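*Asks:* Sharing model-v4.cif, mmCIF, C-alpha atoms:
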data_target
#
loop_
_atom_site.label_atom_id
_atom_site.label_comp_id
_atom_site.auth_asym_id
_atom_site.auth_seq_id
_atom_site.Cartn_x
_atom_site.Cartn_y
_atom_site.Cartn_z
CA MET A 869 128.25 52.82 97.50
CA LYS A 870 131.57 51.55 98.89
CA ARG A 871 132.87 55.10 98.67
CA PHE A 872 130.53 56.16 101.47
CA ASN A 873 131.00 53.06 103.66
CA LEU A 874 127.31 52.88 104.55
CA GLU A 875 127.64 49.69 106.58
CA LYS A 876 130.30 51.19 108.85
CA TYR A 877 128.03 54.09 109.75
CA GLY A 878 124.93 51.94 110.08
CA THR A 879 122.88 53.63 107.38
CA THR A 880 121.20 52.89 104.04
CA VAL A 881 120.90 54.54 100.65
CA ARG A 882 117.27 55.40 101.33
CA GLN A 883 118.09 56.96 104.68
CA GLU A 884 120.94 59.02 103.23
CA VAL A 885 118.94 60.28 100.25
CA LEU A 886 116.04 61.24 102.50
CA ALA A 887 118.43 63.09 104.82
CA GLY A 888 119.86 64.92 101.80
CA LEU A 889 116.38 66.01 100.76
CA ILE A 890 115.64 67.33 104.25
CA SER A 891 118.92 69.23 104.50
CA PHE A 892 118.43 70.77 101.07
CA PHE A 893 114.89 71.91 101.79
CA ALA A 894 115.98 73.32 105.16
CA VAL A 895 118.73 75.43 103.56
CA SER A 896 116.96 76.18 100.25
CA TYR A 897 116.01 79.67 101.42
CA ILE A 898 119.64 80.64 100.78
CA LEU A 899 118.98 80.46 97.01
CA VAL A 900 116.79 83.54 97.36
CA VAL A 901 118.22 85.26 100.43
CA ASN A 902 121.92 85.26 99.46
CA PRO A 903 121.42 87.07 96.12
CA LEU A 904 119.11 89.60 97.81
CA ILE A 905 121.66 90.41 100.52
CA LEU A 906 124.51 90.67 98.01
CA SER A 907 122.37 92.93 95.82
CA GLU A 908 122.66 95.60 98.55
CA THR A 909 126.27 96.05 97.39
CA GLY A 910 125.25 96.62 93.78
CA MET A 911 125.90 93.05 92.65
CA PRO A 912 123.36 91.76 90.10
CA PRO A 913 121.04 89.25 91.88
CA GLU A 914 120.05 87.64 88.57
CA LEU A 915 123.69 86.50 88.30
CA THR A 916 124.66 85.94 91.94
CA VAL A 917 121.84 83.40 92.17
CA PHE A 918 123.90 81.19 89.85
CA ALA A 919 126.95 81.68 92.05
CA THR A 920 124.84 80.61 95.04
CA ILE A 921 123.59 77.50 93.24
CA PHE A 922 126.99 76.37 91.97
CA ILE A 923 128.69 77.00 95.33
CA GLY A 924 126.04 74.85 97.03
CA ALA A 925 126.28 72.17 94.35
CA VAL A 926 130.06 71.91 94.02
CA GLY A 927 130.71 72.39 97.74
CA SER A 928 128.18 69.77 98.81
CA LEU A 929 129.34 67.28 96.19
CA LEU A 930 132.95 67.71 97.31
CA MET A 931 132.00 67.51 100.97
CA GLY A 932 130.20 64.25 100.27
CA TRP A 933 132.65 62.65 97.87
CA TRP A 934 135.99 63.86 99.28
CA ALA A 935 135.24 64.22 103.00
CA ASN A 936 132.39 61.65 103.23
CA THR A 937 130.43 63.82 105.63
CA PRO A 938 126.70 64.69 105.66
CA LEU A 939 127.48 68.42 105.83
CA ILE A 940 125.76 70.65 103.28
CA VAL A 941 127.75 73.57 101.91
CA ALA A 942 126.08 76.92 101.21
CA PRO A 943 126.96 80.62 101.37
CA GLY A 944 126.94 81.53 105.05
CA MET A 945 124.46 84.07 106.39
CA GLY A 946 127.13 85.57 108.65
CA GLU A 947 129.56 85.72 105.75
CA ASN A 948 127.18 87.44 103.32
CA ALA A 949 126.21 89.90 106.06
CA PHE A 950 129.92 90.62 106.67
CA PHE A 951 130.51 91.03 102.93
CA THR A 952 127.58 93.43 102.49
CA PHE A 953 127.15 95.34 105.71
CA THR A 954 130.73 95.36 107.03
CA ALA A 955 133.16 95.23 104.11
CA VAL A 956 131.05 97.33 101.73
CA ALA A 957 128.68 99.42 103.87
CA ALA A 958 130.85 100.05 106.96
CA LEU A 959 134.39 99.94 105.54
CA GLY A 960 133.49 101.54 102.22
CA LEU A 961 134.91 98.89 99.90
CA ALA A 962 133.41 98.32 96.47
CA TRP A 963 131.96 94.85 95.95
CA GLN A 964 134.81 94.05 93.54
CA GLU A 965 137.28 94.96 96.30
CA SER A 966 135.31 92.81 98.72
CA LEU A 967 135.59 89.84 96.36
CA THR A 968 139.36 90.37 96.54
CA VAL A 969 139.07 90.27 100.34
CA VAL A 970 137.23 86.94 100.03
CA LEU A 971 139.96 85.61 97.71
CA ILE A 972 142.84 86.53 100.02
CA SER A 973 140.99 85.33 103.13
CA GLY A 974 140.27 82.05 101.34
CA VAL A 975 143.95 81.58 100.48
CA LEU A 976 144.95 82.31 104.09
CA PHE A 977 142.29 79.84 105.24
CA MET A 978 143.79 77.20 102.93
CA LEU A 979 147.28 77.83 104.33
CA ILE A 980 145.99 77.37 107.88
CA VAL A 981 144.20 74.14 106.91
CA PHE A 982 146.92 72.51 104.80
CA SER A 983 149.76 73.53 107.13
CA GLY A 984 148.19 71.49 109.93
CA LEU A 985 147.40 74.49 112.12
CA MET A 986 143.68 73.77 111.85
CA GLY A 987 144.16 70.33 113.40
CA LYS A 988 146.13 71.83 116.28
CA PHE A 989 143.37 74.35 116.87
CA THR A 990 140.64 71.72 117.05
CA HIS A 991 142.59 69.29 119.26
CA ALA A 992 143.45 72.04 121.73
CA ILE A 993 139.83 73.03 122.33
CA PRO A 994 138.51 71.68 125.68
CA SER A 995 135.58 69.28 125.47
CA VAL A 996 133.28 71.60 127.44
CA LEU A 997 133.71 74.33 124.83
CA LYS A 998 133.03 71.90 121.99
CA GLN A 999 129.81 70.79 123.67
CA ALA A 1000 128.85 74.42 124.17
CA ILE A 1001 129.36 75.11 120.47
CA THR A 1002 126.89 72.34 119.61
CA VAL A 1003 124.34 73.60 122.16
CA GLY A 1004 124.84 77.20 121.02
CA ILE A 1005 124.25 76.33 117.38
CA GLY A 1006 121.15 74.45 118.48
CA LEU A 1007 119.70 77.40 120.40
CA PHE A 1008 120.61 79.67 117.49
CA LEU A 1009 118.65 77.39 115.14
CA VAL A 1010 115.68 77.38 117.52
CA LEU A 1011 115.52 81.17 117.43
CA ILE A 1012 115.84 81.21 113.63
CA GLY A 1013 113.03 78.68 113.31
CA LEU A 1014 110.76 80.52 115.72
CA GLN A 1015 111.36 83.82 113.92
CA ASN A 1016 110.78 82.29 110.49
CA SER A 1017 107.50 80.81 111.71
CA GLY A 1018 106.29 84.12 113.15
CA LEU A 1019 105.91 82.54 116.60
CA VAL A 1020 108.34 85.12 117.96
CA ILE A 1021 109.02 88.57 116.56
CA ASP A 1022 111.30 91.52 117.29
CA GLY A 1023 110.32 92.71 120.73
CA ALA A 1024 111.21 96.36 120.03
CA GLU A 1025 110.59 98.28 123.27
CA SER A 1026 109.03 95.31 125.06
CA GLY A 1027 112.16 93.18 124.97
CA ILE A 1028 114.53 91.26 122.71
CA VAL A 1029 111.73 89.14 121.27
CA ALA A 1030 107.99 88.99 121.74
CA LEU A 1031 105.22 86.52 121.03
CA GLY A 1032 104.01 86.70 117.45
CA ASP A 1033 100.42 87.03 116.25
CA LEU A 1034 98.91 83.61 116.87
CA GLY A 1035 95.80 84.78 115.03
CA ASN A 1036 97.80 84.99 111.82
CA PRO A 1037 96.87 81.90 109.74
CA MET A 1038 100.49 81.20 108.74
CA THR A 1039 101.72 81.51 112.33
CA ALA A 1040 98.89 79.26 113.54
CA LEU A 1041 99.82 76.73 110.86
CA ALA A 1042 103.44 76.85 111.98
CA LEU A 1043 102.39 76.24 115.58
CA GLY A 1044 100.22 73.29 114.57
CA GLY A 1045 103.07 72.08 112.37
CA LEU A 1046 105.47 72.23 115.29
CA VAL A 1047 103.19 69.98 117.36
CA PHE A 1048 102.69 67.61 114.40
CA THR A 1049 106.43 67.42 113.66
CA ALA A 1050 107.28 66.89 117.34
CA VAL A 1051 104.89 63.94 117.57
CA LEU A 1052 106.30 62.35 114.40
CA PHE A 1053 109.87 62.88 115.65
CA MET A 1054 109.08 61.50 119.12
CA LYS A 1055 107.49 58.38 117.65
CA ARG A 1056 110.52 57.96 115.35
CA VAL A 1057 108.36 57.86 112.22
CA PRO A 1058 110.68 57.17 109.25
CA GLY A 1059 111.13 60.32 107.19
CA SER A 1060 109.34 62.39 109.84
CA PHE A 1061 110.86 65.70 108.76
CA PHE A 1062 110.17 65.14 105.07
CA LEU A 1063 106.61 64.04 105.83
CA SER A 1064 106.09 67.09 108.00
CA ILE A 1065 107.30 69.50 105.32
CA ALA A 1066 105.09 67.82 102.70
CA VAL A 1067 101.91 67.79 104.84
CA ILE A 1068 102.26 71.40 106.03
CA THR A 1069 103.03 72.62 102.50
CA VAL A 1070 99.95 70.89 101.06
CA LEU A 1071 97.77 72.25 103.87
CA SER A 1072 99.02 75.80 103.29
CA LEU A 1073 98.14 75.57 99.60
CA VAL A 1074 94.78 73.82 100.04
CA LEU A 1075 93.66 76.28 102.71
CA GLY A 1076 94.89 79.23 100.67
CA ILE A 1077 97.15 80.40 103.49
CA HIS A 1078 100.29 80.49 101.35
CA GLN A 1079 100.38 82.27 98.01
CA PRO A 1080 103.64 81.52 96.15
CA GLU A 1081 105.23 84.73 94.92
CA PRO A 1082 106.57 84.85 91.36
CA THR A 1083 110.35 84.85 91.14
CA ALA A 1084 112.49 87.01 88.87
CA PHE A 1085 114.94 84.12 88.46
CA SER A 1086 115.42 83.04 84.86
CA LEU A 1087 117.66 80.30 83.55
CA GLY A 1088 118.18 82.44 80.45
CA ASN A 1089 120.41 84.80 82.46
CA ILE A 1090 123.04 82.09 82.81
CA ALA A 1091 124.57 83.23 79.51
CA GLN A 1092 125.68 86.43 81.29
CA PHE A 1093 126.97 84.60 84.38
CA PRO A 1094 130.62 84.50 83.11
CA ASP A 1095 130.59 88.31 83.20
CA LEU A 1096 130.70 88.04 87.00
CA TRP A 1097 133.63 85.64 87.17
CA GLY A 1098 136.88 86.95 88.62
CA SER A 1099 135.58 90.49 89.17
CA TYR A 1100 138.46 91.35 91.48
CA ASP A 1101 139.84 94.78 92.29
CA PHE A 1102 143.28 94.70 93.94
CA SER A 1103 143.72 98.48 94.05
CA SER A 1104 143.00 98.82 97.79
CA VAL A 1105 144.50 95.60 99.14
CA PHE A 1106 147.01 97.35 101.42
CA THR A 1107 144.65 99.92 102.88
CA PHE A 1108 143.63 99.71 106.55
CA GLU A 1109 140.03 98.94 105.55
CA SER A 1110 140.98 95.99 103.36
CA LEU A 1111 143.52 94.58 105.81
CA LEU A 1112 140.98 94.78 108.64
CA ALA A 1113 138.37 93.08 106.45
CA ILE A 1114 140.85 90.34 105.44
CA PHE A 1115 141.81 89.63 109.05
CA SER A 1116 138.23 89.63 110.31
CA LEU A 1117 136.90 87.44 107.49
CA THR A 1118 139.77 84.96 107.87
CA MET A 1119 139.01 84.61 111.57
CA LEU A 1120 135.32 84.27 110.76
CA LEU A 1121 135.99 81.47 108.24
CA VAL A 1122 138.45 79.56 110.43
CA PHE A 1123 136.49 79.58 113.63
CA GLU A 1124 133.04 79.22 112.13
CA ALA A 1125 134.35 76.18 110.24
CA ILE A 1126 135.66 74.76 113.52
CA GLY A 1127 132.39 75.51 115.26
CA MET A 1128 130.21 73.99 112.57
CA VAL A 1129 132.31 70.90 111.85
CA GLU A 1130 132.97 70.16 115.53
CA GLY A 1131 129.41 70.98 116.52
CA LEU A 1132 127.61 69.09 113.76
CA LEU A 1133 129.95 66.27 112.84
CA ASN A 1134 131.54 65.25 116.14
CA ASP A 1135 133.94 62.98 114.23
CA PRO A 1136 137.57 64.19 114.23
CA SER A 1137 138.57 61.52 111.69
CA ARG A 1138 136.55 63.31 109.01
CA SER A 1139 137.24 66.88 110.08
CA THR A 1140 140.47 67.47 108.14
CA ARG A 1141 138.99 66.82 104.71
CA SER A 1142 135.92 68.86 105.63
CA PHE A 1143 138.17 71.82 106.39
CA GLN A 1144 140.02 71.28 103.11
CA VAL A 1145 136.76 71.46 101.18
CA MET A 1146 135.67 74.61 103.02
CA SER A 1147 138.94 76.46 102.42
CA GLY A 1148 138.97 75.55 98.75
CA MET A 1149 135.35 76.62 98.31
CA ALA A 1150 136.12 80.01 99.90
CA VAL A 1151 138.53 80.70 97.03
CA VAL A 1152 136.08 79.33 94.44
CA SER A 1153 133.25 81.49 95.78
CA SER A 1154 135.31 84.64 95.31
CA PHE A 1155 135.85 83.75 91.63
CA LEU A 1156 132.19 82.89 91.02
CA GLY A 1157 131.06 86.15 92.62
CA SER A 1158 129.72 85.48 96.12
CA SER A 1159 130.55 85.68 99.79
CA PRO A 1160 132.20 82.47 101.09
CA PRO A 1161 130.32 79.32 102.12
CA ILE A 1162 130.27 77.36 105.36
CA PRO A 1163 128.87 73.99 106.46
CA ALA A 1164 125.23 75.02 106.84
CA ALA A 1165 123.79 74.76 110.35
CA GLU A 1166 120.68 73.35 108.68
CA SER A 1167 122.73 70.23 107.90
CA ALA A 1168 121.70 69.20 111.40
CA SER A 1169 118.17 68.58 110.06
CA GLY A 1170 119.43 65.89 107.72
CA ILE A 1171 121.75 64.46 110.35
CA LYS A 1172 118.81 64.12 112.75
CA GLU A 1173 116.88 62.44 109.96
CA GLY A 1174 119.61 59.79 109.82
CA GLY A 1175 122.25 61.22 107.48
CA ARG A 1176 125.62 59.77 108.41
CA THR A 1177 127.76 59.77 105.26
CA GLY A 1178 128.71 61.82 102.25
CA LEU A 1179 125.78 60.42 100.29
CA THR A 1180 123.60 62.90 102.17
CA ALA A 1181 125.71 65.81 100.97
CA VAL A 1182 125.93 64.41 97.43
CA THR A 1183 122.13 64.18 97.29
CA ALA A 1184 121.85 67.82 98.37
CA GLY A 1185 124.51 68.80 95.82
CA ILE A 1186 122.50 67.22 93.02
CA LEU A 1187 119.38 69.04 94.23
CA PHE A 1188 121.29 72.34 94.10
CA LEU A 1189 122.00 71.62 90.42
CA LEU A 1190 118.35 70.77 89.80
CA ALA A 1191 117.51 74.11 91.37
CA LEU A 1192 118.71 75.71 88.15
CA VAL A 1193 115.36 74.77 86.66
CA LEU A 1194 113.29 73.99 89.77
CA THR A 1195 113.98 77.05 91.93
CA PRO A 1196 110.52 78.56 91.20
CA LEU A 1197 108.94 75.45 92.81
CA LEU A 1198 110.66 76.25 96.13
CA ALA A 1199 108.31 79.23 96.41
CA TYR A 1200 105.50 76.74 97.14
CA ILE A 1201 107.15 75.65 100.42
CA PRO A 1202 106.21 78.16 103.16
CA ASN A 1203 108.36 79.04 106.17
CA ALA A 1204 105.66 77.41 108.30
CA ALA A 1205 106.69 74.05 106.83
CA LEU A 1206 110.43 74.50 107.34
CA ALA A 1207 110.40 76.25 110.72
CA PRO A 1208 109.21 73.24 112.81
CA VAL A 1209 112.00 71.10 111.39
CA ILE A 1210 114.60 73.75 112.22
CA VAL A 1211 113.23 74.27 115.76
CA ILE A 1212 113.18 70.57 116.63
CA THR A 1213 116.62 70.05 115.12
CA GLY A 1214 118.01 72.87 117.26
CA ALA A 1215 116.26 71.58 120.37
CA SER A 1216 117.75 68.12 119.80
CA MET A 1217 121.25 69.59 119.59
CA MET A 1218 120.72 71.14 123.01
CA GLU A 1219 120.71 67.64 124.50
CA ASN A 1220 124.49 68.08 124.73
CA LEU A 1221 123.93 70.23 127.80
CA LYS A 1222 124.04 66.95 129.75
CA PHE A 1223 127.76 66.66 128.95
CA ILE A 1224 128.55 70.02 130.58
CA SER A 1225 129.40 69.79 134.26
CA PHE A 1226 127.93 72.57 136.38
CA ASP A 1227 130.15 71.78 139.37
CA ASP A 1228 133.00 73.98 138.13
CA PHE A 1229 132.23 77.65 137.39
CA SER A 1230 135.44 78.04 135.37
CA GLU A 1231 134.15 75.32 133.04
CA TRP A 1232 130.45 76.03 132.64
CA PHE A 1233 130.47 79.84 132.59
CA PRO A 1234 132.58 80.11 129.39
CA ALA A 1235 130.28 77.45 127.89
CA PHE A 1236 127.29 79.52 128.99
CA LEU A 1237 128.74 82.60 127.27
CA ILE A 1238 129.18 80.68 124.01
CA ILE A 1239 125.59 79.47 124.10
CA VAL A 1240 123.86 82.75 124.91
CA MET A 1241 126.11 85.08 122.92
CA MET A 1242 125.74 83.01 119.75
CA THR A 1243 122.00 83.51 119.98
CA PHE A 1244 121.84 87.07 121.32
CA THR A 1245 124.43 88.47 118.89
CA GLY A 1246 123.25 86.40 115.93
CA SER A 1247 126.84 85.30 115.27
CA ILE A 1248 128.45 81.92 115.88
CA VAL A 1249 131.92 83.48 115.86
CA ASN A 1250 131.00 86.19 118.39
CA GLY A 1251 129.60 83.56 120.73
CA MET A 1252 132.73 81.45 120.44
CA ALA A 1253 134.90 84.52 120.99
CA PHE A 1254 133.33 85.41 124.34
CA GLY A 1255 133.61 81.85 125.62
CA PHE A 1256 137.15 81.27 124.39
CA VAL A 1257 138.40 84.52 125.90
CA ALA A 1258 136.69 83.85 129.24
CA TYR A 1259 137.99 80.26 129.56
CA PRO A 1260 141.74 80.96 130.08
CA VAL A 1261 140.98 84.03 132.22
CA LEU A 1262 138.87 82.01 134.66
CA LYS A 1263 141.25 79.04 134.63
CA ALA A 1264 144.20 81.31 135.42
CA ALA A 1265 142.24 83.06 138.17
CA LYS A 1266 141.42 79.68 139.69
CA GLY A 1267 145.06 78.66 139.60
CA GLU A 1268 144.60 75.93 137.00
CA ARG A 1269 147.12 77.22 134.47
CA ASP A 1270 148.23 73.66 133.77
CA SER A 1271 144.89 73.05 132.03
CA LEU A 1272 145.83 75.62 129.41
CA ASN A 1273 148.03 74.93 126.40
CA PRO A 1274 149.85 77.26 123.99
CA THR A 1275 147.49 76.50 121.10
CA LEU A 1276 144.38 77.22 123.16
CA LEU A 1277 145.94 80.47 124.40
CA THR A 1278 146.75 81.42 120.79
CA VAL A 1279 143.18 80.70 119.69
CA SER A 1280 141.83 82.71 122.63
CA PHE A 1281 144.13 85.62 121.75
CA LEU A 1282 142.97 85.53 118.13
CA PHE A 1283 139.37 85.62 119.31
CA LEU A 1284 140.26 88.60 121.50
CA LEU A 1285 141.69 90.34 118.44
CA THR A 1286 138.52 89.47 116.54
CA LEU A 1287 136.41 91.17 119.21
CA ALA A 1288 138.77 94.14 119.29
CA ALA A 1289 138.50 94.49 115.51
CA THR A 1290 134.77 95.06 115.84
CA VAL A 1291 135.57 98.35 117.60
CA PHE A 1292 136.98 99.70 114.34
CA ILE A 1293 134.15 98.38 112.13
#
I need this file expressed as structure tokens, please.
*Replies:*
Amino acid sequence: MKRFNLEKYGTTVRQEVLAGLISFFAVSYILVVNPLILSETGMPPELTVFATIFIGAVGSLLMGWWANTPLIVAPGMGENAFFTFTAVAALGLAWQESLTVVLISGVLFMLIVFSGLMGKFTHAIPSVLKQAITVGIGLFLVLIGLQNSGLVIDGAESGIVALGDLGNPMTALALGGLVFTAVLFMKRVPGSFFLSIAVITVLSLVLGIHQPEPTAFSLGNIAQFPDLWGSYDFSSVFTFESLLAIFSLTMLLVFEAIGMVEGLLNDPSRSTRSFQVMSGMAVVSSFLGSSPPIPAAESASGIKEGGRTGLTAVTAGILFLLALVLTPLLAYIPNAALAPVIVITGASMMENLKFISFDDFSEWFPAFLIIVMMTFTGSIVNGMAFGFVAYPVLKAAKGERDSLNPTLLTVSFLFLLTLAATVFI
């Protein structure tokens, strides 16, 4: 285990493996959700499920072995939504053309990473904005967890969200599970998240609250998986629609990678290799037949459980491979078991609010925009864009232009272009 330097990071094999289990379970929904979202473009879900599995496996193994970080790699929810509902549905590209967009964006992402521009971007970001990214991701996770549990629902005419049906057995179980998980976490019970998931899952099955649904996934379909490889269509590369999609997706990949790595890892010494893995996996995902991956926000669950090194990610990568034959068993784990872990993880990340000074409006208001817009727009990149554009504007208005640097101004301008591009989508 010298590769992972466990002693340096004050962790153990048991702690890392347990953290890997937690992270995998927290993000395992992607094995079902990603193929379903991609199927809206006409892509065969019985084949894209293999792309999802292998992206998670290879990406997590590389993230663990090469970058030695506890970050789990999986197709991003924002990225698959962009692929399906923006590139295909809104811009009118075929899914084969969209895979070409992913390929080119991945190559551009690699150029930014390996040219050293990525490092300049991250070092130029003010500390207050980095802290806001962490808090914003945390609040975003809280909302996801609450929605998955049924504790909050779409508010429709009554507001953005509304209280769910507490009389629903699954929602009631999630609420009880949240209290149970919070107590375990507060008392620092070893393996608290894993224990919580196990207990709530067993209860849901014993009480008959959760009925696992049969899955159409079949390992036998893997023989047709190579038919999906390299399904590119370069015929529309130089059209306005493709160029806009390439620019937007590249910005999404670059800045969501910065947000996730900076927000979850908080260790600049390991950031560079993490970015290298992410850029390489973006290209690989296009070949395998999927939208690109990101460091999953749910990695925070494993990190809170004690994951500190790449052994956490390697464990999750192995579990992704096992999912080839064990995916049907994931149907036995209800959202009520995963939601409390996600909520408490997000709440813990919001502790970073204490590092944001509220004495200077030009500092805390851009941070505030990042936090709330991430959650309200459902996009990490949109949240970052609002904060990064507001920061130099307020600093200049206050007469503190010396606190700005060319790289930060460039990043802010790119975010402004990203927001402007949404006008045409």
*Asks:* One decimal, in Å: what's the spacing between atom CA of Glu875 of chain A and atom CA of Trp933 of chain A?
*Replies:*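 Spanning atom CA of Glu875 of chain A to atom CA of Trp933 of chain A is a straight-line distance of 16.4 Å.
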*Asks:* May I ask which of the residues A:Ser1137, A:Asn1250, A:Ser1154, A:Asn1203 is the closest one to His991 of chain A, counting all atoms listed in the file?
*Replies:*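 With all atoms listed in the file as the atom set, the closest residue is A:Ser1137.
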*Asks:* Tell me which protein, DNA and RNA residues are within 6 Å of segment 1157-1169 of chain A, counting all atoms listed in the file, leaving out same-chain ones fewer than 6 positions away, and put them as a list of chain:residue names.
*Replies:* A:Ser891, A:Ala894, A:Val895, A:Leu939, A:Ile940, A:Val941, A:Ala942, A:Pro943, A:Gly944, A:Asn948, A:Leu1096, A:Ala1150, A:Thr1213
*Asks:* Identify which of the residues A:Leu1272, A:Val1105, A:Ala1181, A:Met1128 lies closest to Met931 of chain A, counting all atoms listed in the file when measuring atom-to-atom distances.
*Replies:*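 Looking at the shortest contact to Met931 of chain A, the residue is A:Ala1181.
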*Asks:* Quick one: pull the distance between atom CA of Pro938 of chain A and atom CA of Gly1178 of chain A, Å, one decimal.
*Replies:* 4.9 Å
*Asks:* Check what the PyMOL selection byres ((chain A and resi 1259-1264) around 9) selects in the file above and give those residues as JSON, numbers by chain.
*Replies:* {"A": [997, 1229, 1230, 1231, 1233, 1234, 1235, 1254, 1255, 1256, 1257, 1258, 1265, 1266, 1267, 1268, 1269, 1270, 1271, 1272, 1276, 1277, 1280]}
*Asks:* Go ahead and find all residues with at least one atom no further than 7 Å from (138.5, 84.1, 88.9) in the file's coordinates, using all atoms listed in the file; report them as a PyMOL selection string.
*Replies:* chain A and resi 1097-1098+1155-1156
*Asks:* Of the candidates A:Asn936, A:Thr879, A:Ser1017, A:Thr1069, which shows the shortest atom-to-atom distance to Leu1034 of chain A, using all atoms listed in the file?
*Replies:*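 Selected residue with least distance to Leu1034 of chain A: A:Ser1017.
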*Asks:* Just give me the gap between atom CA of Asn1016 of chain A and atom CA of Ala958 of chain A in Å, one decimal is fine.
*Replies:* 27.0 Å
*Asks:* Please provide as a list in words all residues within 12 Å of Leu1052 of chain A, with the sequence filter that same-chain residues fewer than 3 positions apart are discarded (counting only C-alpha atoms).
*Replies:*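 Counting only the stated atoms, we get Gly1045, Leu1046, Val1047, Phe1048, Thr1049, Lys1055, Arg1056, Val1057, Pro1058, Gly1059, Ser1060, Phe1061, Phe1062, Leu1063, Ser1064, Ile1065, Val1067, Glu1173, Pro1208, Val1209 and Ile1212 of chain A.
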*Asks:* If we count all atoms listed in the file and set the cut-off at 12 Å, which residues sit around Phe1115 of chain A, ignoring sequence neighbours fewer than 6 positions away in its own chain? Please answer as a list in words.
*Replies:*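 Residues near the query, excluding close chain neighbours: Ala955, Val969, Val970, Ile972, Ser973, Gly974, Val975, Leu976, Phe977, Val1105, Phe1108, Glu1109, Leu1121, Val1122, Leu1282, Phe1283, Leu1285, Thr1286, Leu1287, Ala1288, Ala1289 and Thr1290 of chain A.
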*Asks:* Determine the residue membership of the PyMOL selection byres ((chain A and resi 925) around 9) for the file above and supply it as number ranges by chain.
*Replies:* A: 920-924, 926-930, 941-942, 1182, 1184-1189
*Asks:* Of the candidates A:Pro1274, A:Gly932, A:Gly946, A:Pro1080, which shows the shortest atom-to-atom distance to Pro1196 of chain A, using all atoms listed in the file?
*Replies:*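 Checking each of A:Pro1274, A:Gly932, A:Gly946, A:Pro1080 against Pro1196 of chain A, counting all atoms listed in the file, the winner is A:Pro1080.
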*Asks:* Find the residue from A:Trp963, A:Ile1028, A:Thr1245, A:Leu1284 that sits nearest to Gly1004 of chain A; use all atoms listed in the file when measuring.
*Replies:*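 Counting all atoms listed in the file, the residue closest to Gly1004 of chain A is A:Thr1245.
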*Asks:* Given the PyMOL selection byres ((chain A and resi 1194) around 12) and the file above, list the residues it selects as a PyMOL selection string.
*Replies:* chain A and resi 896+899+921+1083+1085-1087+1186-1193+1195-1200
*Asks:* Compile the contact shell of Phe1244 of chain A as JSON, numbers by chain: residues with an atom at most 9 Å away, counting only C-alpha atoms, same-chain residues fewer than 4 positions apart removed.
*Replies:* {"A": [1008, 1028, 1239, 1240, 1251]}
*Asks:* Using only C-alpha atoms for the distances, tell me which of A:Ala962, A:Val1003, A:Leu1043, A:Val1279 is nearest to Ala1253 of chain A.
*Replies:*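 Nearest candidate to Ala1253 of chain A out of A:Ala962, A:Val1003, A:Leu1043, A:Val1279: A:Val1279.
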